[in-house]
$ cat target.txt   # compact mmCIF, N, CA and C atoms
# COMPACT_ATOMS: atom_id res chain seq x y z
N MET C 263 26.91 333.60 -3.34
CA MET C 263 26.29 333.13 -2.12
C MET C 263 24.83 332.80 -2.39
N GLN C 264 24.39 331.66 -1.92
CA GLN C 264 23.02 331.21 -2.14
C GLN C 264 22.12 331.70 -1.00
N ASP C 265 20.91 332.16 -1.37
CA ASP C 265 19.95 332.58 -0.36
C ASP C 265 19.46 331.38 0.41
N LEU C 266 19.30 331.55 1.72
CA LEU C 266 18.76 330.50 2.56
C LEU C 266 17.25 330.51 2.42
N THR C 267 16.69 329.38 2.09
CA THR C 267 15.24 329.26 1.98
C THR C 267 14.78 328.15 2.91
N LEU C 268 13.90 328.53 3.83
CA LEU C 268 13.36 327.56 4.77
C LEU C 268 12.21 326.80 4.13
N PRO C 269 11.96 325.58 4.57
CA PRO C 269 10.81 324.83 4.04
C PRO C 269 9.51 325.59 4.37
N PRO C 270 8.53 325.53 3.48
CA PRO C 270 7.28 326.25 3.71
C PRO C 270 6.59 325.87 5.02
N THR C 271 6.73 324.62 5.44
CA THR C 271 6.09 324.22 6.70
C THR C 271 6.73 324.92 7.89
N VAL C 272 8.03 325.14 7.85
CA VAL C 272 8.71 325.85 8.93
C VAL C 272 8.26 327.30 8.97
N VAL C 273 8.20 327.93 7.82
CA VAL C 273 7.78 329.33 7.75
C VAL C 273 6.33 329.48 8.20
N ALA C 274 5.45 328.59 7.73
CA ALA C 274 4.03 328.66 8.10
C ALA C 274 3.85 328.42 9.60
N THR C 275 4.62 327.51 10.18
CA THR C 275 4.54 327.27 11.62
C THR C 275 4.97 328.50 12.40
N HIS C 276 6.02 329.14 11.95
CA HIS C 276 6.50 330.36 12.60
C HIS C 276 5.45 331.48 12.47
N LEU C 277 4.86 331.60 11.30
CA LEU C 277 3.81 332.60 11.07
C LEU C 277 2.65 332.38 12.04
N ARG C 278 2.22 331.14 12.16
CA ARG C 278 1.11 330.83 13.07
C ARG C 278 1.47 331.17 14.51
N SER C 279 2.66 330.80 14.92
CA SER C 279 3.10 331.07 16.29
C SER C 279 3.12 332.57 16.56
N CYS C 280 3.64 333.33 15.63
CA CYS C 280 3.70 334.79 15.80
C CYS C 280 2.29 335.39 15.82
N ALA C 281 1.42 334.92 14.95
CA ALA C 281 0.05 335.44 14.92
C ALA C 281 -0.68 335.11 16.22
N GLU C 282 -0.47 333.91 16.75
CA GLU C 282 -1.10 333.54 18.02
C GLU C 282 -0.58 334.41 19.16
N GLU C 283 0.71 334.69 19.16
CA GLU C 283 1.30 335.53 20.20
C GLU C 283 0.76 336.96 20.11
N LEU C 284 0.65 337.48 18.88
CA LEU C 284 0.09 338.82 18.69
C LEU C 284 -1.35 338.87 19.16
N ALA C 285 -2.12 337.88 18.79
CA ALA C 285 -3.53 337.83 19.20
C ALA C 285 -3.65 337.79 20.72
N ALA C 286 -2.84 336.99 21.36
CA ALA C 286 -2.88 336.89 22.82
C ALA C 286 -2.48 338.21 23.46
N GLY C 287 -1.50 338.87 22.90
CA GLY C 287 -1.02 340.13 23.45
C GLY C 287 -2.00 341.28 23.28
N LEU C 288 -2.86 341.20 22.27
CA LEU C 288 -3.80 342.29 22.01
C LEU C 288 -5.18 342.06 22.62
N ARG C 289 -5.41 340.87 23.14
CA ARG C 289 -6.70 340.61 23.80
C ARG C 289 -6.82 341.49 25.04
N CYS C 290 -8.05 341.76 25.43
CA CYS C 290 -8.27 342.51 26.67
C CYS C 290 -7.55 341.81 27.81
N GLY C 291 -6.89 342.57 28.61
CA GLY C 291 -6.16 342.00 29.73
C GLY C 291 -4.70 341.72 29.39
N GLY C 292 -4.36 341.78 28.10
CA GLY C 292 -2.96 341.59 27.72
C GLY C 292 -2.18 342.85 28.00
N PRO C 293 -0.87 342.82 27.79
CA PRO C 293 -0.09 344.02 28.05
C PRO C 293 -0.52 345.15 27.12
N GLY C 294 -0.57 346.35 27.65
CA GLY C 294 -1.00 347.49 26.85
C GLY C 294 0.06 347.92 25.86
N ALA C 295 -0.37 348.68 24.87
CA ALA C 295 0.53 349.25 23.87
C ALA C 295 0.10 350.68 23.63
N THR C 296 1.05 351.54 23.29
CA THR C 296 0.69 352.91 23.00
C THR C 296 -0.07 352.96 21.67
N THR C 297 -0.80 354.04 21.47
CA THR C 297 -1.53 354.16 20.21
C THR C 297 -0.56 354.21 19.03
N GLY C 298 0.61 354.79 19.23
CA GLY C 298 1.63 354.79 18.17
C GLY C 298 2.10 353.39 17.84
N GLU C 299 2.29 352.58 18.86
CA GLU C 299 2.68 351.18 18.64
C GLU C 299 1.59 350.43 17.90
N LEU C 300 0.34 350.70 18.27
CA LEU C 300 -0.77 350.02 17.59
C LEU C 300 -0.88 350.46 16.13
N THR C 301 -0.56 351.72 15.85
CA THR C 301 -0.53 352.18 14.45
C THR C 301 0.51 351.39 13.67
N ASP C 302 1.68 351.15 14.29
CA ASP C 302 2.72 350.34 13.65
C ASP C 302 2.25 348.90 13.45
N VAL C 303 1.53 348.37 14.45
CA VAL C 303 0.99 347.00 14.33
C VAL C 303 0.07 346.91 13.12
N VAL C 304 -0.80 347.91 12.95
CA VAL C 304 -1.73 347.90 11.81
C VAL C 304 -0.94 347.91 10.50
N ALA C 305 0.11 348.71 10.42
CA ALA C 305 0.94 348.75 9.20
C ALA C 305 1.55 347.37 8.92
N HIS C 306 2.02 346.71 9.96
CA HIS C 306 2.59 345.36 9.77
C HIS C 306 1.51 344.36 9.38
N LEU C 307 0.32 344.50 9.95
CA LEU C 307 -0.77 343.59 9.59
C LEU C 307 -1.18 343.77 8.13
N ILE C 308 -1.15 345.00 7.65
CA ILE C 308 -1.47 345.25 6.23
C ILE C 308 -0.46 344.51 5.35
N ALA C 309 0.82 344.70 5.64
CA ALA C 309 1.85 344.02 4.85
C ALA C 309 1.74 342.50 4.98
N SER C 310 1.40 342.03 6.17
CA SER C 310 1.25 340.59 6.39
C SER C 310 0.09 340.03 5.58
N GLN C 311 -1.04 340.73 5.58
CA GLN C 311 -2.20 340.27 4.82
C GLN C 311 -1.86 340.23 3.32
N GLU C 312 -1.11 341.21 2.85
CA GLU C 312 -0.71 341.20 1.44
C GLU C 312 0.19 340.00 1.15
N ALA C 313 1.12 339.72 2.07
CA ALA C 313 2.02 338.57 1.88
C ALA C 313 1.24 337.26 1.93
N ILE C 314 0.28 337.16 2.84
CA ILE C 314 -0.55 335.96 2.92
C ILE C 314 -1.35 335.79 1.63
N SER C 315 -1.84 336.89 1.08
CA SER C 315 -2.56 336.83 -0.19
C SER C 315 -1.67 336.25 -1.29
N HIS C 316 -0.43 336.71 -1.34
CA HIS C 316 0.51 336.20 -2.35
C HIS C 316 0.83 334.73 -2.12
N ALA C 317 0.96 334.34 -0.84
CA ALA C 317 1.24 332.94 -0.53
C ALA C 317 0.08 332.04 -0.96
N LEU C 318 -1.15 332.46 -0.67
CA LEU C 318 -2.32 331.67 -1.07
C LEU C 318 -2.44 331.59 -2.59
N ALA C 319 -2.16 332.69 -3.27
CA ALA C 319 -2.20 332.67 -4.74
C ALA C 319 -1.12 331.73 -5.28
N GLY C 320 0.04 331.73 -4.63
CA GLY C 320 1.11 330.81 -5.04
C GLY C 320 0.72 329.36 -4.83
N LEU C 321 0.06 329.08 -3.72
CA LEU C 321 -0.43 327.71 -3.49
C LEU C 321 -1.43 327.31 -4.57
N ALA C 322 -2.34 328.23 -4.90
CA ALA C 322 -3.32 327.94 -5.94
C ALA C 322 -2.63 327.63 -7.26
N ALA C 323 -1.63 328.42 -7.61
CA ALA C 323 -0.90 328.20 -8.86
C ALA C 323 -0.18 326.85 -8.86
N ARG C 324 0.36 326.47 -7.71
CA ARG C 324 1.03 325.17 -7.62
C ARG C 324 0.05 324.03 -7.79
N VAL C 325 -1.12 324.16 -7.18
CA VAL C 325 -2.14 323.11 -7.32
C VAL C 325 -2.58 323.03 -8.78
N GLU C 326 -2.85 324.19 -9.39
CA GLU C 326 -3.29 324.21 -10.79
C GLU C 326 -2.21 323.70 -11.73
N GLY C 327 -0.96 324.02 -11.44
CA GLY C 327 0.14 323.63 -12.32
C GLY C 327 0.69 322.25 -12.04
N GLY C 328 0.17 321.59 -11.02
CA GLY C 328 0.69 320.28 -10.65
C GLY C 328 -0.07 319.14 -11.26
N ALA C 329 -0.53 319.30 -12.50
CA ALA C 329 -1.37 318.29 -13.14
C ALA C 329 -0.71 316.91 -13.13
N ASP C 330 0.56 316.83 -13.46
CA ASP C 330 1.23 315.52 -13.50
C ASP C 330 1.35 314.93 -12.10
N ALA C 331 1.77 315.74 -11.13
CA ALA C 331 1.95 315.25 -9.77
C ALA C 331 0.62 314.90 -9.12
N LEU C 332 -0.44 315.58 -9.53
CA LEU C 332 -1.76 315.35 -8.93
C LEU C 332 -2.67 314.50 -9.82
N ALA C 333 -2.08 313.79 -10.78
CA ALA C 333 -2.87 313.02 -11.74
C ALA C 333 -3.78 311.99 -11.07
N ALA C 334 -3.37 311.46 -9.92
CA ALA C 334 -4.18 310.44 -9.24
C ALA C 334 -5.35 311.05 -8.47
N ALA C 335 -5.30 312.35 -8.25
CA ALA C 335 -6.38 313.01 -7.50
C ALA C 335 -7.56 313.28 -8.43
N PRO C 336 -8.77 313.24 -7.90
CA PRO C 336 -9.95 313.53 -8.72
C PRO C 336 -9.90 314.98 -9.22
N PRO C 337 -9.95 315.21 -10.54
CA PRO C 337 -9.87 316.57 -11.08
C PRO C 337 -10.85 317.56 -10.46
N PRO C 338 -12.11 317.18 -10.18
CA PRO C 338 -13.00 318.17 -9.56
C PRO C 338 -12.50 318.63 -8.19
N ASP C 339 -11.91 317.73 -7.43
CA ASP C 339 -11.38 318.11 -6.12
C ASP C 339 -10.18 319.05 -6.26
N VAL C 340 -9.33 318.76 -7.23
CA VAL C 340 -8.17 319.64 -7.48
C VAL C 340 -8.67 321.03 -7.85
N GLU C 341 -9.68 321.10 -8.71
CA GLU C 341 -10.23 322.39 -9.11
C GLU C 341 -10.84 323.13 -7.92
N VAL C 342 -11.54 322.42 -7.05
CA VAL C 342 -12.14 323.04 -5.86
C VAL C 342 -11.06 323.60 -4.95
N VAL C 343 -10.01 322.83 -4.71
CA VAL C 343 -8.92 323.29 -3.85
C VAL C 343 -8.28 324.55 -4.44
N ALA C 344 -8.00 324.53 -5.72
CA ALA C 344 -7.38 325.69 -6.36
C ALA C 344 -8.30 326.91 -6.28
N GLU C 345 -9.58 326.71 -6.51
CA GLU C 345 -10.54 327.82 -6.46
C GLU C 345 -10.62 328.41 -5.05
N VAL C 346 -10.70 327.55 -4.04
CA VAL C 346 -10.77 328.03 -2.66
C VAL C 346 -9.50 328.80 -2.29
N LEU C 347 -8.35 328.32 -2.72
CA LEU C 347 -7.10 329.03 -2.45
C LEU C 347 -7.09 330.40 -3.14
N ARG C 348 -7.58 330.46 -4.38
CA ARG C 348 -7.65 331.75 -5.08
C ARG C 348 -8.59 332.71 -4.35
N GLU C 349 -9.74 332.22 -3.93
CA GLU C 349 -10.70 333.07 -3.22
C GLU C 349 -10.15 333.52 -1.87
N ALA C 350 -9.44 332.64 -1.18
CA ALA C 350 -8.81 333.02 0.09
C ALA C 350 -7.75 334.10 -0.14
N ALA C 351 -7.03 334.00 -1.24
CA ALA C 351 -6.04 335.03 -1.58
C ALA C 351 -6.72 336.38 -1.78
N ILE C 352 -7.86 336.37 -2.46
CA ILE C 352 -8.61 337.61 -2.68
C ILE C 352 -9.10 338.17 -1.34
N ALA C 353 -9.60 337.29 -0.48
CA ALA C 353 -10.09 337.73 0.83
C ALA C 353 -8.97 338.36 1.66
N ALA C 354 -7.79 337.76 1.64
CA ALA C 354 -6.66 338.32 2.39
C ALA C 354 -6.28 339.69 1.83
N ARG C 355 -6.30 339.81 0.50
CA ARG C 355 -5.98 341.10 -0.12
C ARG C 355 -7.04 342.14 0.26
N CYS C 356 -8.30 341.74 0.29
CA CYS C 356 -9.38 342.66 0.68
C CYS C 356 -9.21 343.11 2.13
N ALA C 357 -8.78 342.20 3.00
CA ALA C 357 -8.53 342.57 4.39
C ALA C 357 -7.41 343.61 4.47
N ALA C 358 -6.36 343.41 3.69
CA ALA C 358 -5.26 344.38 3.67
C ALA C 358 -5.75 345.74 3.17
N GLU C 359 -6.57 345.73 2.13
CA GLU C 359 -7.10 346.98 1.58
C GLU C 359 -8.00 347.69 2.59
N ALA C 360 -8.82 346.93 3.31
CA ALA C 360 -9.70 347.53 4.31
C ALA C 360 -8.89 348.16 5.44
N LEU C 361 -7.87 347.45 5.90
CA LEU C 361 -7.00 348.01 6.94
C LEU C 361 -6.29 349.26 6.44
N ASP C 362 -5.85 349.22 5.20
CA ASP C 362 -5.15 350.37 4.63
C ASP C 362 -6.07 351.59 4.55
N GLU C 363 -7.34 351.36 4.22
CA GLU C 363 -8.30 352.47 4.12
C GLU C 363 -8.57 353.12 5.47
N VAL C 364 -8.50 352.35 6.55
CA VAL C 364 -8.78 352.90 7.87
C VAL C 364 -7.53 353.50 8.52
N THR C 365 -6.38 353.30 7.94
CA THR C 365 -5.14 353.79 8.52
C THR C 365 -5.17 355.29 8.82
N PRO C 366 -5.65 356.14 7.91
CA PRO C 366 -5.68 357.58 8.26
C PRO C 366 -6.54 357.86 9.50
N SER C 367 -7.65 357.19 9.65
CA SER C 367 -8.48 357.38 10.84
C SER C 367 -7.77 356.87 12.08
N PHE C 368 -7.09 355.74 11.96
CA PHE C 368 -6.36 355.20 13.09
C PHE C 368 -5.26 356.17 13.51
N GLU C 369 -4.56 356.74 12.53
CA GLU C 369 -3.51 357.71 12.83
C GLU C 369 -4.10 358.96 13.48
N CYS C 370 -5.27 359.39 13.04
CA CYS C 370 -5.94 360.55 13.61
C CYS C 370 -6.27 360.29 15.08
N VAL C 371 -6.80 359.13 15.37
CA VAL C 371 -7.11 358.76 16.75
C VAL C 371 -5.84 358.77 17.58
N SER C 372 -4.78 358.19 17.03
CA SER C 372 -3.50 358.12 17.74
C SER C 372 -2.95 359.51 18.04
N GLU C 373 -3.06 360.42 17.08
CA GLU C 373 -2.55 361.77 17.25
C GLU C 373 -3.41 362.62 18.18
N SER C 374 -4.63 362.18 18.43
CA SER C 374 -5.57 362.95 19.26
C SER C 374 -5.38 362.71 20.75
N VAL C 375 -4.58 361.73 21.11
CA VAL C 375 -4.37 361.40 22.52
C VAL C 375 -2.90 361.63 22.87
N ALA C 376 -2.61 361.63 24.16
CA ALA C 376 -1.22 361.79 24.60
C ALA C 376 -0.37 360.66 24.05
N PRO C 377 0.89 360.94 23.71
CA PRO C 377 1.74 359.91 23.09
C PRO C 377 1.96 358.67 23.94
N ASP C 378 1.80 358.80 25.26
CA ASP C 378 2.02 357.65 26.12
C ASP C 378 0.72 356.93 26.49
N THR C 379 -0.39 357.28 25.81
CA THR C 379 -1.67 356.63 26.07
C THR C 379 -1.55 355.17 25.66
N ARG C 380 -1.92 354.31 26.59
CA ARG C 380 -1.83 352.87 26.34
C ARG C 380 -3.25 352.29 26.27
N LEU C 381 -3.43 351.39 25.36
CA LEU C 381 -4.71 350.70 25.21
C LEU C 381 -4.53 349.23 25.52

$ encode --input "target.txt" --output "structure tokens"
Amino acid sequence: MQDLTLPPTVVATHLRSCAEELAAGLRCGGPGATTGELTDVVAHLIASQEAISHALAGLAARVEGGADALAAAPPPDVEVVAEVLREAAIAARCAAEALDEVTPSFECVSESVAPDTRL
């Protein structure tokens, strides 16, 4: 059985839609969530940032490895695009690491309030 693989544009569009929905739901005035639910959200955001980092690194590798396909493009521009993608991958990984470092504090805050406390 062959694995189903969606086109990258479909996956990226779905990712954007989900991120926009999450952002809207977490803004002030949006529906509340318990601190436990928010702890789970942080865990998912950590994994998401790590996945985004890998996706950006993959894009950079494709740009760098696409010398034949990109032969008509100015080499300095190709290098700039690849470098920016690599740096964005590092930034996404750093965001995941920062969130991971604060997780124990977030869990402590969550455990310090009643389980049904909504923010």

$ closest_residue --input "target.txt" --among "C:Leu381, C:Ala335, C:Ala376, C:Cys370" --to "Cys290 (chain C)" --atoms "all atoms listed in the file"
C:Leu381

$ atom_distance --input "target.txt" --atom1 "atom N of Cys280 (chain C)" --atom2 "atom C of Ala351 (chain C)"
20.5 Å

$ closest_residue --input "target.txt" --among "C:Glu312, C:Glu345, C:Asp302, C:Asp265" --to "Glu359 (chain C)" --atoms "all atoms listed in the file"
C:Glu312

$ select_by_dssp --input "target.txt" --residues "chain C" --states "alpha helix (DSSP H)" --output "ChimeraX atom specification"
/C:270-288,297-327,337-373

$ atom_distance --input "target.txt" --atom1 "atom C of Ala344 (chain C)" --atom2 "atom C of Leu332 (chain C)"
14.1 Å
